[in-house]
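Notes to accompany the following structure.
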Amino acid sequence: MTARNRELGYLIAVGLLTGLGFASVYIARQAVIGWGSLTYAAFFMALYLVAHFVARATVPNADPYLLPITGLLTAIGLTEIYRLGPSDAFKQGLWVVIGVAAFALTLIALRRDYRVLESYKYLFGVGAIALLFLPRLPGLGETINGARLWIHVGGLQLQPGELAKICLIVFLAGYLREKREVLAQGRLKDLGPLLAIWAATMLVLVATNDLGSALLYFGIFIAMLYIATARLWYVGVGVGLFLAGGIVADREIPHVAERVTNWLHPWTTHTVYCPSSGTMELRQDCQSYQLVKSLYSIANGGFGGTGLGKGTFTTTGGTPLIPDVKTDFIFSALAQELGLVGISALLLVFMVFVARGMKVALRADDGFSKLLAAGLTFGFALQTFTIVGGIDRLIPLTGITLPFVSYGGSSIVANFMLLAGLLLVSHRANSL
Amino acid sequence: MNRRISQVALVALVLIAALIVATTYWQTWASAGLAAQQDNEIQRVAQFSIDRGLIVASNGKTVLAANVKKKIDGQTYYFRTYPSHELASQVVGYSTQSRSRAGLERSQNSYLTASNADIGTILDTVGDRLKGTTIKGNNLELTIRPGAQWLAEKLLRGTCGAAVVMNPKTGAVYVMASSPGFDPNLMEQSDGYAKIQRTTSPCPPETAAPFLNRATQGLYPPGSTFKTITAAAALDDGVYTPESTFDDPGYCTEYGKQVHNALDQSGPEAFGVVNLVEAYQHSINAVFCNIGQKLGAKRILQEAKKFGFYSVPPLETPSDARSASGLYLNGKLFDPSTTNGYSKVDPGRLAFGQDKMLTTPLQMAMVAAAVANHGVEMRPTLIKEVVSPGGSVIKRLHPHVLRQATKPSTAAALKNMMVEVVQAGTGTAAQIPGVVVAGKTGTAETCSCNTVYDAWFIFFAPAQDPTLAGAVVVERQNDGFGGAVAAPIARQLMQALLPAASNG
């Protein structure tokens, strides 16, 4: 069986799963939603068939697992978003259409040889910083939850950081491929441009209070540097610097200090000062409210979960229990409704995606392709870890989306471009 | 490069595996602890998706607590409503959306939400969960007689006070009234709690405290009703017989000071030579004062303990809504036997129920019931049956002997004395034509002002084969004697209950 036929088979399986997901939400909540919901599953299936045929035409030899896994993740996300708020699901559906379009355009544009990107590496480097800087521009940027990550274009809210991540990975892949030998010597003058770009990104991120992305970019940078140079001490120095920077930030930046305190002590038995209300309150009623409510949601799922559509996300009065449940906290919603069984399966799906992505990197035959595929995959894994680890209290919580699952247009589009990149590398490696 | 890619791949996979481990922790180990957190609204909401059990009175028809079904965002929720409003409000309590609960709504929550551990209930709820149908709670059928309960609340209206009537043989509580009461339906209104708290007090300077179940939590000096305990101690020891004679000079000398007889005597200022029956019948303080001095505080308190003083009486309401009776010093229960503090107790005044002695109406009702039941004290109970939604009985009232409070011969002698009180003593207001009623009045000083009293009456009937026993207290009555204020209330309650009492 060819790779694409296999992909089609998996996609049909995913389509059936999506249908089941929407059907169970429909059964559980038929008082609120109608049969029309099931058309989502059909529409979704058609959309992925389009993606499949574009892949068949442009990258016939690419890995057959990545596209169906993406389909599964977006389907799970869309089902849950639909369950939380049917009107949001329509918007998310539109973004998936745009994401698939971006996916198709990337494949078509780069179908001959994506390695031309390498020649524009500096453009990508500068582009990444520019994108990150956009929300800082007056009149364009908007502050949400203490972080200035959003821009307004027309009626749309965009998070340029998501796209910056991909630009940065392309830059790093190109730059590291070219300079890996000299970098391995560890001379400061070779490290110059690298450090400059890196320092600039970090500065912008700290200035925009986007700590999740700071951690993410830093991790991608260290991982790619290690793959390129094989110098373990780079990793040691890098992690050391990051921890030192983290400690300084904890002391000096109130926004960071608050995150760390919430992480270590989300519950208090005595009241503490609450900056948002200006009064004394228990921390779980103030700063760590979101984290604590999300943990309650996860815990309520237990082993088997409440079942799709049967979780509790609002009070009896209809007030949402977890703010931002469909974006940063979609994981807590899924954990409640799918239970340990379902959420572990979801995380295993993430693991399969990472394993396939890394396999693409292993099979690629040139340095740029290897670095690109490994960077994109590691970014995907680290982003998952940053948000879910924050929700699970492994690390301080920082707002970032769960790839392909969370509600959010920029994230969906950027991740579809990431997928296209992996398929391009994979196709080339498998065609040789 | 491939070796390093494999290493980075391993790191990436370990990171995600760590997420599975962490999520497992939250969903298994930590799950129960998080569910128990006070601010966990998911649990709060979950309570309201259960069709909570009904609470009905003993006739099975008068509904004290029921549910209203509401659909919000596609989910069906059940909210509490109290169709009988104030009826037995402190006993039934309330259960609100903000998860605050009181009374039986609190203590019987597991039965009402079908989370009790009885095997039938567990099978039912597991079945309901699998089928996805609403979980139904168990219904409570109380021993409360709605007619008499309503009458008791009506008679107490406009005063602070309480009434308890129970079956001395089974312990079944027919009436448990506390005034002022409240309408539990107000609890769901935004300012309902404050509104209830603002209830005008009918007994200033005491607060109205409508949430307080005065029948089980109200602590009152028992006054002369306590003479029943003193008499029991005297008779139990064989030191005195009902025929023992005393000289009543009209006062008793305590620490060189004269303590005069109380004003509610049905006779002259000084009775002269009387026997124990007459002293009890006319509630002569001087005689009991002397008996108390002879017996000593230690012996009297010992007897009181045999009737259940110094322990919180068992009942199905929450334990923090019940108080133990006994000596109170600075607001705390004070037991001289453990602190060797008998010097702080005045045995003469204790003998007629003053001097730091505070009792609950429930405890005094239990004293009357024990006398009525040959000295055997039964466990008081409010729940007749717990019935599953399918109609099968999960739990049924089983009469349970608490203790032998006093010798059967002593109980028989006390019974005669209490009959005399109603026939020709201080309690004549409790007489019912055709029924032999036994009782004891009490008029307790609440201050040194000598005009404001807590009026008591403890009673049982019919004396030959008692089916009712109880206590009534009315707080802060101006010149209000037990015989004049409390005894008529007791009589009306007995009249309301007597024809029906024999069949339950």
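Ordering of the structure tokens sets the chain letters (A, B, ...), residue numbers begin anew at 1 in every chain, and ligands are numbered from 1 in the order given.
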Inset, instruction - For Leu87 in chain B, work out the shell of residues within 12 Å, counting only C-alpha atoms and skipping chain neighbours fewer than 2 positions away, then give it as number ranges by chain. - result: B: 55-57, 62-65, 82-85, 89-93, 144-154, 175-185
Legend entry - Neighbour list for Val173 in chain B as number ranges by chain, cut-off 8 Å, only C-alpha atoms, skip fewer than 2 positions in-chain: B: 143-144, 164-167, 171, 175-176, 380-382
Would you mind exporting N, CA and C atoms of the selected residues as a JSON list (two decimals), in the first residue's frame?
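Generated output (selection-v2.json):
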[["chain", "number", "residue", "atom", "x", "y", "z"],
["B", 143, "THR", "N", -40.82, 11.47, 62.39],
["B", 143, "THR", "CA", -41.80, 11.10, 63.42],
["B", 143, "THR", "C", -42.67, 12.29, 63.80],
["B", 144, "ILE", "N", -42.30, 13.47, 63.26],
["B", 144, "ILE", "CA", -43.02, 14.71, 63.60],
["B", 144, "ILE", "C", -44.49, 14.63, 63.18],
["B", 164, "VAL", "N", -41.03, 20.14, 73.28],
["B", 164, "VAL", "CA", -40.65, 18.82, 72.79],
["B", 164, "VAL", "C", -41.68, 17.84, 73.33],
["B", 165, "VAL", "N", -42.23, 17.01, 72.44],
["B", 165, "VAL", "CA", -43.10, 15.94, 72.89],
["B", 165, "VAL", "C", -42.61, 14.67, 72.22],
["B", 166, "MET", "N", -42.46, 13.61, 73.02],
["B", 166, "MET", "CA", -42.00, 12.35, 72.45],
["B", 166, "MET", "C", -42.76, 11.17, 73.02],
["B", 167, "ASN", "N", -42.59, 10.03, 72.38],
["B", 167, "ASN", "CA", -43.17, 8.81, 72.89],
["B", 167, "ASN", "C", -42.18, 8.19, 73.88],
["B", 171, "GLY", "N", -39.19, 6.60, 71.96],
["B", 171, "GLY", "CA", -38.28, 7.71, 71.73],
["B", 171, "GLY", "C", -38.66, 8.57, 70.54],
["B", 175, "VAL", "N", -43.20, 16.25, 68.50],
["B", 175, "VAL", "CA", -43.17, 17.70, 68.35],
["B", 175, "VAL", "C", -41.79, 18.18, 68.75],
["B", 176, "MET", "N", -41.19, 19.00, 67.90],
["B", 176, "MET", "CA", -39.96, 19.68, 68.30],
["B", 176, "MET", "C", -40.05, 21.08, 67.73],
["B", 380, "PRO", "N", -34.04, 9.39, 71.89],
["B", 380, "PRO", "CA", -35.00, 10.19, 71.10],
["B", 380, "PRO", "C", -34.64, 10.08, 69.61],
["B", 381, "THR", "N", -35.66, 10.06, 68.78],
["B", 381, "THR", "CA", -35.39, 9.95, 67.34],
["B", 381, "THR", "C", -36.43, 10.71, 66.54],
["B", 382, "LEU", "N", -35.97, 11.30, 65.43],
["B", 382, "LEU", "CA", -36.84, 12.13, 64.58],
["B", 382, "LEU", "C", -37.20, 11.42, 63.29]]
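Among the candidates B:Ser388, B:Thr199, B:Thr216, B:Thr81, the residue lying nearest to Gly120 in chain B is B:Ser388 (atoms considered: only C-alpha atoms).
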Cut-off 8 Å: closest chain A/chain B atom pairs per residue, using only C-alpha atoms, as a tab-separated table:
residue	atom	partner	partner_atom	distance
A:Arg29	CA	B:Gly74	CA	6.1
A:Gln30	CA	B:Gly74	CA	7.5
A:Ala31	CA	B:Gly74	CA	5.1
A:Val32	CA	B:Gly74	CA	5.2
A:Ala223	CA	B:Val8	CA	6.7
A:Tyr226	CA	B:Arg4	CA	7.3
A:Ile227	CA	B:Arg4	CA	5.2
A:Ala228	CA	B:Met1	CA	6.9
A:Ala230	CA	B:Arg4	CA	7.0
A:Lys293	CA	B:Asn40	CA	7.2
A:Leu295	CA	B:Trp26	CA	7.3
A:Tyr296	CA	B:Leu34	CA	6.1
A:Ser297	CA	B:Ile42	CA	7.3
A:Ile298	CA	B:Gln27	CA	6.3
A:Ala299	CA	B:Gln27	CA	4.6
A:Asn300	CA	B:Ser31	CA	6.8
A:Gly301	CA	B:Gln27	CA	6.6
A:Gly302	CA	B:Gln27	CA	4.6
A:Phe303	CA	B:Gln27	CA	6.4
A:Thr312	CA	B:Ile42	CA	6.0
A:Phe313	CA	B:Ile42	CA	7.5
A:Thr315	CA	B:Val45	CA	6.1
A:Thr316	CA	B:Val45	CA	6.0
A:Gly317	CA	B:Ile72	CA	7.5
A:Gly318	CA	B:Ile72	CA	7.0
A:Leu321	CA	B:Glu41	CA	7.6
A:Gly339	CA	B:Gln27	CA	7.5
A:Leu340	CA	B:Thr24	CA	6.4
A:Ser344	CA	B:Ile20	CA	5.8
A:Leu347	CA	B:Ile20	CA	6.7
A:Phe350	CA	B:Ile16	CA	7.7
A:Met351	CA	B:Leu13	CA	6.0
A:Val354	CA	B:Leu13	CA	7.1
A:Ala355	CA	B:Ala9	CA	7.0
A:Met358	CA	B:Ala9	CA	6.0
A:Ala361	CA	B:Ile5	CA	7.3
A:Leu362	CA	B:Asn2	CA	5.6
A:Ala374	CA	B:Ile5	CA	6.8
A:Phe378	CA	B:Ala12	CA	6.3
A:Ala381	CA	B:Ala12	CA	5.8
A:Leu382	CA	B:Ala12	CA	7.0
A:Thr384	CA	B:Ile16	CA	7.5
A:Phe385	CA	B:Ile16	CA	6.2
A:Val388	CA	B:Leu19	CA	6.8
A:Gly389	CA	B:Leu19	CA	6.2
A:Asp392	CA	B:Ala22	CA	6.0
A:Leu394	CA	B:Ala22	CA	7.4
Legend entry - Exercise: Ala3 in chain A partners within 8 Å, only C-alpha atoms, chain neighbours under 3 positions left out, as a PyMOL selection string: chain A and resi 6-7+60-64
Output the selection as a PDB file, in the first residue's frame - N, CA and C atoms for each residue.
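So the final result, stored in selection-v8.pdb, reads:
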ATOM      1  N   ARG A   6      -2.515   4.723   2.600  1.00  0.00           N
ATOM      2  CA  ARG A   6      -2.561   4.459   4.025  1.00  0.00           C
ATOM      3  C   ARG A   6      -3.099   5.683   4.769  1.00  0.00           C
ATOM      4  N   GLU A   7      -2.591   6.873   4.365  1.00  0.00           N
ATOM      5  CA  GLU A   7      -3.046   8.121   4.977  1.00  0.00           C
ATOM      6  C   GLU A   7      -4.566   8.256   4.834  1.00  0.00           C
ATOM      7  N   PRO A  60       3.768  13.091  -2.418  1.00  0.00           N
ATOM      8  CA  PRO A  60       3.209  11.741  -2.380  1.00  0.00           C
ATOM      9  C   PRO A  60       3.962  10.775  -1.483  1.00  0.00           C
ATOM     10  N   ASN A  61       5.230  11.012  -1.243  1.00  0.00           N
ATOM     11  CA  ASN A  61       5.993  10.038  -0.455  1.00  0.00           C
ATOM     12  C   ASN A  61       6.121  10.416   1.012  1.00  0.00           C
ATOM     13  N   ALA A  62       5.445  11.467   1.419  1.00  0.00           N
ATOM     14  CA  ALA A  62       5.592  11.939   2.799  1.00  0.00           C
ATOM     15  C   ALA A  62       4.979  10.967   3.796  1.00  0.00           C
ATOM     16  N   ASP A  63       5.356  11.148   5.068  1.00  0.00           N
ATOM     17  CA  ASP A  63       4.890  10.311   6.168  1.00  0.00           C
ATOM     18  C   ASP A  63       3.355  10.262   6.203  1.00  0.00           C
ATOM     19  N   PRO A  64       2.763   9.065   6.270  1.00  0.00           N
ATOM     20  CA  PRO A  64       1.299   8.969   6.213  1.00  0.00           C
ATOM     21  C   PRO A  64       0.599   9.181   7.561  1.00  0.00           C
TER      22      PRO A  64
END
Legend entry - DSSP strand (DSSP E) residues within range 164-319 of chain B, listed as a PyMOL selection string: chain B and resi 164-166+173-179+245-248+251-254+257-260+272-275
Inset, instruction - Determine, counting only C-alpha atoms, which protein, DNA and RNA residues have an atom within 8 Å of an atom of range 326-335 of chain A; residues of the same chain fewer than 5 positions away are not included. Present the result as a list in words. - result: Gly77, Glu80, Ile81, Leu84, Ser294, Leu295, Ser297, Ile298, Gly301, Gly305, Gly311, Phe313, Leu340, Gly342, Ile343, Ile387, Val388, Ile391, Gly399, Ile400, Thr401, Leu402, Val405, Ser406, Tyr407 and Gly408 of chain A
Would you mind exporting the chosen residues as a CSV table (one decimal), in the first residue's frame, restricted to N, CA and C atoms?
chain,number,residue,atom,x,y,z
A,77,GLY,N,-10.2,18.8,19.5
A,77,GLY,CA,-10.3,20.2,19.9
A,77,GLY,C,-11.7,20.8,19.5
A,80,GLU,N,-14.6,19.5,21.5
A,80,GLU,CA,-14.7,20.1,22.9
A,80,GLU,C,-15.1,21.6,22.8
A,81,ILE,N,-14.6,22.3,21.8
A,81,ILE,CA,-14.9,23.7,21.7
A,81,ILE,C,-16.4,23.8,21.4
A,84,LEU,N,-18.3,23.3,24.5
A,84,LEU,CA,-18.3,24.4,25.4
A,84,LEU,C,-19.0,25.6,24.9
A,294,SER,N,-9.0,24.8,37.4
A,294,SER,CA,-8.7,23.8,36.3
A,294,SER,C,-8.3,22.5,36.9
A,295,LEU,N,-7.6,22.5,38.1
A,295,LEU,CA,-7.2,21.3,38.7
A,295,LEU,C,-8.5,20.5,39.2
A,297,SER,N,-11.3,20.7,37.8
A,297,SER,CA,-11.9,20.1,36.6
A,297,SER,C,-11.2,18.8,36.2
A,298,ILE,N,-9.9,18.8,36.2
A,298,ILE,CA,-9.1,17.6,35.9
A,298,ILE,C,-9.5,16.4,36.9
A,301,GLY,N,-12.7,14.5,36.5
A,301,GLY,CA,-12.7,13.5,35.5
A,301,GLY,C,-12.5,12.1,36.0
A,305,GLY,N,-13.7,9.6,33.3
A,305,GLY,CA,-14.3,10.9,32.8
A,305,GLY,C,-15.8,10.9,33.0
A,311,GLY,N,-19.5,17.0,31.4
A,311,GLY,CA,-18.7,17.6,32.4
A,311,GLY,C,-19.4,18.9,32.9
A,313,PHE,N,-18.8,22.8,33.7
A,313,PHE,CA,-18.0,23.9,33.4
A,313,PHE,C,-18.6,25.2,33.8
A,340,LEU,N,-9.0,9.9,32.8
A,340,LEU,CA,-7.6,9.5,32.7
A,340,LEU,C,-7.4,8.7,31.4
A,342,GLY,N,-9.0,8.7,28.5
A,342,GLY,CA,-9.0,9.5,27.3
A,342,GLY,C,-7.9,10.4,27.2
A,343,ILE,N,-7.6,11.1,28.3
A,343,ILE,CA,-6.6,12.1,28.2
A,343,ILE,C,-5.2,11.5,28.0
A,387,ILE,N,2.3,24.2,28.2
A,387,ILE,CA,0.9,24.5,28.7
A,387,ILE,C,0.4,23.4,29.6
A,388,VAL,N,0.5,22.1,29.2
A,388,VAL,CA,0.0,21.1,30.0
A,388,VAL,C,0.8,20.9,31.3
A,391,ILE,N,-0.6,23.5,33.6
A,391,ILE,CA,-1.9,23.1,34.1
A,391,ILE,C,-1.7,22.0,35.2
A,399,GLY,N,0.4,31.2,29.9
A,399,GLY,CA,-0.7,31.0,28.9
A,399,GLY,C,-0.1,30.8,27.5
A,400,ILE,N,-0.4,29.6,26.9
A,400,ILE,CA,0.1,29.3,25.5
A,400,ILE,C,-0.9,28.3,25.1
A,401,THR,N,-1.1,28.1,23.7
A,401,THR,CA,-2.1,27.2,23.3
A,401,THR,C,-1.6,25.8,23.2
A,402,LEU,N,-2.5,24.8,23.3
A,402,LEU,CA,-2.2,23.4,23.1
A,402,LEU,C,-2.3,23.2,21.5
A,405,VAL,N,-5.3,21.8,19.2
A,405,VAL,CA,-6.5,21.5,20.1
A,405,VAL,C,-7.2,22.8,20.6
A,406,SER,N,-6.4,23.7,21.1
A,406,SER,CA,-7.0,24.9,21.6
A,406,SER,C,-7.7,25.8,20.6
A,407,TYR,N,-8.6,26.6,21.1
A,407,TYR,CA,-9.3,27.6,20.3
A,407,TYR,C,-8.3,28.7,20.0
A,408,GLY,N,-8.2,29.1,18.8
A,408,GLY,CA,-7.3,30.2,18.5
A,408,GLY,C,-6.8,30.1,17.0
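In this model, the gap between CA of Glu337 in chain A and CA of Gly304 in chain A comes to 8.3 Å.
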Test item: residues at most 6 Å from Ala297 in chain B, only C-alpha atoms, excluding those fewer than 2 positions along its chain, as a JSON list (two decimals) with C-alpha atoms, in the first residue's frame:
[["chain", "number", "residue", "atom", "x", "y", "z"],
["B", 299, "ARG", "CA", -24.96, 13.01, 94.70],
["B", 300, "ILE", "CA", -27.45, 15.23, 92.87],
["B", 347, "PRO", "CA", -26.24, 22.16, 96.76]]
Inset, instruction - Could you please determine the separation between CA of Ala324 in chain B and CA of Gln363 in chain B in Å, to one decimal place? - result: 8.1 Å
